[in-house]
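Written below as structure tokens is the structure these notes are about.
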2 protein chains.
Amino acid sequence: MYRARTPEPQSIATARAGSNIAFIKYWGVADPRINLPLNNSISMTLADLHTTTTVEWDTAGRLSSDQITIDGETATGKKAERVTEHLNLIRHLAGDRRYRARVVSRNNFPMASGIASSASAFAALTVAACAALELPFDRTRMSGIARRGSGSASRSLFGGYVEWEQGRDDATSVARQIYPAEYWTLRDIVAVVSTAEKPVSSQNGHSMAITSPFNSARVDSLYGMLQDVRNAITMRDLPRLGPVLEQDALAMHGVMMTSRPSLLYWQPGTLEVIHAVRRWREEDGLQVYFTIDAGPNVHLICEPTFEVEILKRLQKLGSVRSVITSGPGDGPQLLDKHLV
Amino acid sequence: MYRARTPEPQSIATARAGSNIAFIKYWGVADPRINLPLNNSISMTLADLHTTTTVEWDTAGRLSSDQITIDGETATGKKAERVTEHLNLIRHLAGDRRYRARVVSRNNFPMASGIASSASAFAALTVAACAALELPFDRTRMSGIARRGSGSASRSLFGGYVEWEQGRDDATSVARQIYPAEYWTLRDIVAVVSTAEKPVSSQNGHSMAITSPFNSARVDSLYGMLQDVRNAITMRDLPRLGPVLEQDALAMHGVMMTSRPSLLYWQPGTLEVIHAVRRWREEDGLQVYFTIDAGPNVHLICEPTFEVEILKRLQKLGSVRSVITSGPGDGPQLLDKHLV
């Protein structure tokens with residue numbers, strides 16, 4: 001017997017979400033099933049490093065599995081599984097609908113190079129997937145959903161300066177905006193020293209944090225540092241923010257290095273840039289501070305006035321292959337919902 | 001009125017002491033005045049990296065101050081002060097004798113490059129100065145005296161594999177031999193990636209350890225690691241020793257990096273060598289492990305059978321400027337007492 005299907009009014013949407021650079025890092029999970037973190041984290045959402053993702057739900061039932069394209073290539077294996085798992089969660093939240101999805105995602109920066117592509121990717125995926133199903137979720141709720149795909153994606157649901165509250169459970173572990181992007185126009189200058197994929201993805205690394213003898217000490221020390229970062233942002237005070245940035249980046253990498261097995265994300269170029277930043281600051285008074293995510297590249301945080309000078313200096317460092325810059329950006333946007 | 005001085009029977013002596021490479025590091029002091037450490041440490045005394053020091057006490061009273069020559073240059077400033085302070089201690093132990101000393105010291109390796117020159121220097125100085133005064137001190141006592149000049153010098157008073165007991169006070173914080181040099185002929189291959197002097201001497205760094213949020217955690221974790229190292233040496237078991245070496249080197253540098261101010265002794269070449277060692281081990285099964293003192297150079301610890309292969313591979317790394325090798329050596333020796 002033939003039954004005409006009524007296509008859902010909305011089954012396709014495209015969202016763009018910015019990556020973010022953490023000032024206080026997320027490292028280590030209390031519950032890996034839901035990415036419940038060991039600590040609050042604070043980041044700046046980036047305007048110019050973003051992922052654009054289209055999700056088209058196959059309401060007609062033609063697909064037998066999700067079809068996922070990332071940066072022009074069909075995703076397979078673990079990458080595809082991770083996306084499908086996230087779609088499963090959203091299917092579940094939508095009342096266990098069995099639609100498969102066509103997902104097309106594109107980053108405007110190299111993946112898996114220490115620039116948090118999973119943050120913008122899972123933020124954009126969440127927003128596009130929910131919008132295409134017309135799920136009535138606000139940003140806070142979507143922050144919690146994005147967190148399940150990648151912890152730091154929870155922060156990319158908001159623009160500007162964002163704090164991800166550790167929370168107690170799946171419902172309470174969500175991000176919120178501290179200040180919008182226009183409150184403080186800091187610059188993030190990413191010195192790319194390697195674009196090789198990471199030997200251990202940060203997703204796997206998070207569950208190893210507790211194997212480091214330093215992990216508890218880092219978590220314990222963060223209470224005051226989080227307050228310092230909030231205050232420094234409120235005061236737009238980079239000389240106050242900067243040393244905390246550097247301290248926490250070094251602490252996170254200290255935890256990583258002493259995990260078992262040991263995670264050493266740094267490459268020789270990482271150290272060339274770190275030493276240069278310190279030298280520029282100490283010898284030339286250039287107000288610039290570094291932070292480093294789970295990768296080898298170094299993010300230089302500065303006020304816009306120093307950007308040109310810093311770019312000029314970075315070009316002279318032998319290990320810097322390219323430079324990507326960004327200011328703070330807004331939260332995710334829905335682009336044209338009806339076009340792939 | 002003229003009074004003939006009777007010169008003391010023995011007023012000059014020359015001693016040679018080996019440097020040492022720590023498997024469990026000394027980092028941080030409980031009492032900086034006497035270099036009372038926060039933890040036990042274990043090292044291998046090196047045969048081929050040594051300091052030779054002649055001390056001539058000026059029993060005739062011709063000198064108005066100590067005259068100190070290091071590697072052919074007259075020492076001044078803080079370097080000279082540190083030697084004079086050590087001579088003051090020995091003068092005090094000798095009954096407050098007021099003799100000044102002529103000290104001539106020579107290293108057979110570059111100073112202040114992360115190879116512990118102060119360890120061999122203060123060991124040789126202590127032995128030569130005490131011998132020249134005919135002070136009846138055994139090696140244990142001299143270990144405690146050498147510690148006052150430089151903590152790790154306490155270990156260079158003994159040959160082979162040595163543990164410096166943290167102790168409770170000046171009398172009990174001394175080293176002892178675990179096994180003599182011939183018990184296990186490990187090799188230490190030092191990949192020299194920089195010979196520049198350290199920006200912060202380790203002497204100053206020790207008092208900063210407690211400013212790191214990781215310091216207590218490192219100290220707490222050492223109890224089991226010390227036992228692992230003792231057992232691995234007893235069993236001559238490098239695959240057991242090696243991971244502990246690396247873990248503690250990374251932990252010490254994690255403490256250093258997160259001290260306030262942050263100490264970052266590594267240079268780009270440090271990471272090139274670390275990553276190479278891991279790659280050689282994981283991909284090619286080459287049994288070699290790294291450790292790093294308070295400096296940028298990397299010590300590769302291996303069995304003698306792999307030395308040639310490792311030297312060949314190190315030559316291909318762009319950042320390795322030179323290589324110094326050594327096996328375990330004996331404790332300090334007195335050379336001809338009567339010749340400078």
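Residues are referred to by chain and number: the chain letter is A, B, ... according to the order shown in the structure tokens, the number counts from 1 in that chain, and ligands are numbered separately from 1 in the order shown.
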
### Task
Check every residue of chain A for an atom within 8 Å of chain B, counting only C-alpha atoms, and provide those that qualify as number ranges by chain.
A: 213-214, 217-218, 221, 247, 250-251, 253-255, 257-258, 262, 266-272

Serialized selection, N, CA and C atoms, as a CSV table (one decimal), in the first residue's frame:
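In the end it all went to out18.csv:
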```csv
chain,number,residue,atom,x,y,z
A,213,PRO,N,50.5,12.8,38.3
A,213,PRO,CA,50.5,13.2,39.7
A,213,PRO,C,50.2,14.7,39.9
A,214,PHE,N,50.2,15.4,38.8
A,214,PHE,CA,50.0,16.9,39.0
A,214,PHE,C,48.5,17.3,38.8
A,217,ALA,N,46.6,18.9,41.7
A,217,ALA,CA,47.2,20.1,42.1
A,217,ALA,C,46.8,21.2,41.1
A,218,ARG,N,46.7,20.9,39.8
A,218,ARG,CA,46.3,21.9,38.8
A,218,ARG,C,44.8,22.3,39.1
A,221,SER,N,44.4,24.5,42.0
A,221,SER,CA,45.0,25.9,41.9
A,221,SER,C,44.1,26.8,41.0
A,247,GLN,N,50.6,30.7,32.8
A,247,GLN,CA,50.7,29.7,33.9
A,247,GLN,C,49.8,28.5,33.6
A,250,LEU,N,51.0,26.3,30.7
A,250,LEU,CA,52.2,25.5,31.2
A,250,LEU,C,51.7,24.4,32.1
A,251,ALA,N,50.8,24.7,33.0
A,251,ALA,CA,50.3,23.7,34.0
A,251,ALA,C,49.6,22.6,33.2
A,253,HIS,N,50.1,21.6,30.2
A,253,HIS,CA,51.1,20.7,29.5
A,253,HIS,C,52.0,20.0,30.5
A,254,GLY,N,52.1,20.5,31.7
A,254,GLY,CA,52.8,19.8,32.7
A,254,GLY,C,52.0,18.5,33.1
A,255,VAL,N,50.7,18.7,33.2
A,255,VAL,CA,49.9,17.5,33.4
A,255,VAL,C,50.0,16.5,32.3
A,257,MET,N,52.4,16.0,30.1
A,257,MET,CA,53.7,15.4,30.0
A,257,MET,C,53.9,14.3,31.0
A,258,THR,N,53.2,14.5,32.1
A,258,THR,CA,53.4,13.5,33.2
A,258,THR,C,52.3,12.5,33.3
A,262,SER,N,52.9,9.4,28.7
A,262,SER,CA,53.2,10.8,28.7
A,262,SER,C,52.8,11.4,27.3
A,266,TRP,N,54.2,19.4,22.4
A,266,TRP,CA,55.1,20.5,21.9
A,266,TRP,C,56.0,19.9,20.8
A,267,GLN,N,56.4,20.8,19.9
A,267,GLN,CA,57.4,20.5,18.9
A,267,GLN,C,58.5,21.6,19.1
A,268,PRO,N,59.7,21.4,18.5
A,268,PRO,CA,60.7,22.4,18.7
A,268,PRO,C,60.2,23.8,18.4
A,269,GLY,N,59.4,24.0,17.4
A,269,GLY,CA,58.9,25.4,17.1
A,269,GLY,C,58.1,26.0,18.2
A,270,THR,N,57.4,25.1,19.0
A,270,THR,CA,56.7,25.6,20.1
A,270,THR,C,57.6,26.4,21.1
A,271,LEU,N,58.7,25.8,21.4
A,271,LEU,CA,59.6,26.5,22.3
A,271,LEU,C,60.3,27.7,21.7
A,272,GLU,N,60.6,27.6,20.4
A,272,GLU,CA,61.1,28.8,19.8
A,272,GLU,C,60.2,30.0,20.0
```

Select from region 73-192 of chain B every residue with an atom at most 9 Å from any atom of region 235-242 of chain B, then for each give the shortest pair of atoms and their distance in Å to one decimal, using only C-alpha atoms, rows by chain and rising number, as a tab-separated table.
```
residue	atom	partner	partner_atom	distance
B:Tyr183	CA	B:Arg236	CA	8.4
B:Trp184	CA	B:Arg236	CA	6.4
B:Leu186	CA	B:Leu238	CA	8.8
```

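Relative to CA of Tyr26 (chain B), CA of Ile42 (chain B) is found at 8.4 Å.
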
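Put simply, CA of Thr84 (chain B) is 21.6 Å away from CA of Ala171 (chain B).
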
### Task
Find the spatial neighbours of Ser65 (chain B), counting only C-alpha atoms, within a cut-off of 12 Å - ignore same-chain residues fewer than 5 positions away - and output them as a ChimeraX atom specification.
/B:57-58,76,80-81,83-85,87-88,98-103

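Residues of region 265-337 of chain A assigned to alpha helix (DSSP H) by DSSP on this structure's backbone: Pro268, Gly269, Thr270, Leu271, Glu272, Val273, Ile274, His275, Ala276, Val277, Arg278, Arg279, Trp280, Arg281, Glu282, Glu283, Asp284, Glu307, Val308, Glu309, Ile310, Leu311, Lys312, Arg313, Leu314 and Gln315 of chain A.
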
### Backbone-only DSSP, strand (DSSP E or B) members of region 46-282 of chain A, as a VMD selection string
chain A and resid 46 to 58 67 to 70 73 to 74 100 to 107 161 to 164 175 to 179 187 to 192

### Task
Name all residues at most 9 Å from region 172-179 of chain B (count only C-alpha atoms; drop same-chain ones fewer than 6 positions away) and give them as a PyMOL selection string.
chain B and resi 35-37+41-42+139-145+147+154-166+230+233-234

### Separation of CA of Met44 (chain B) from CA of Lys25 (chain B), in Å and rounded to one decimal
11.4 Å
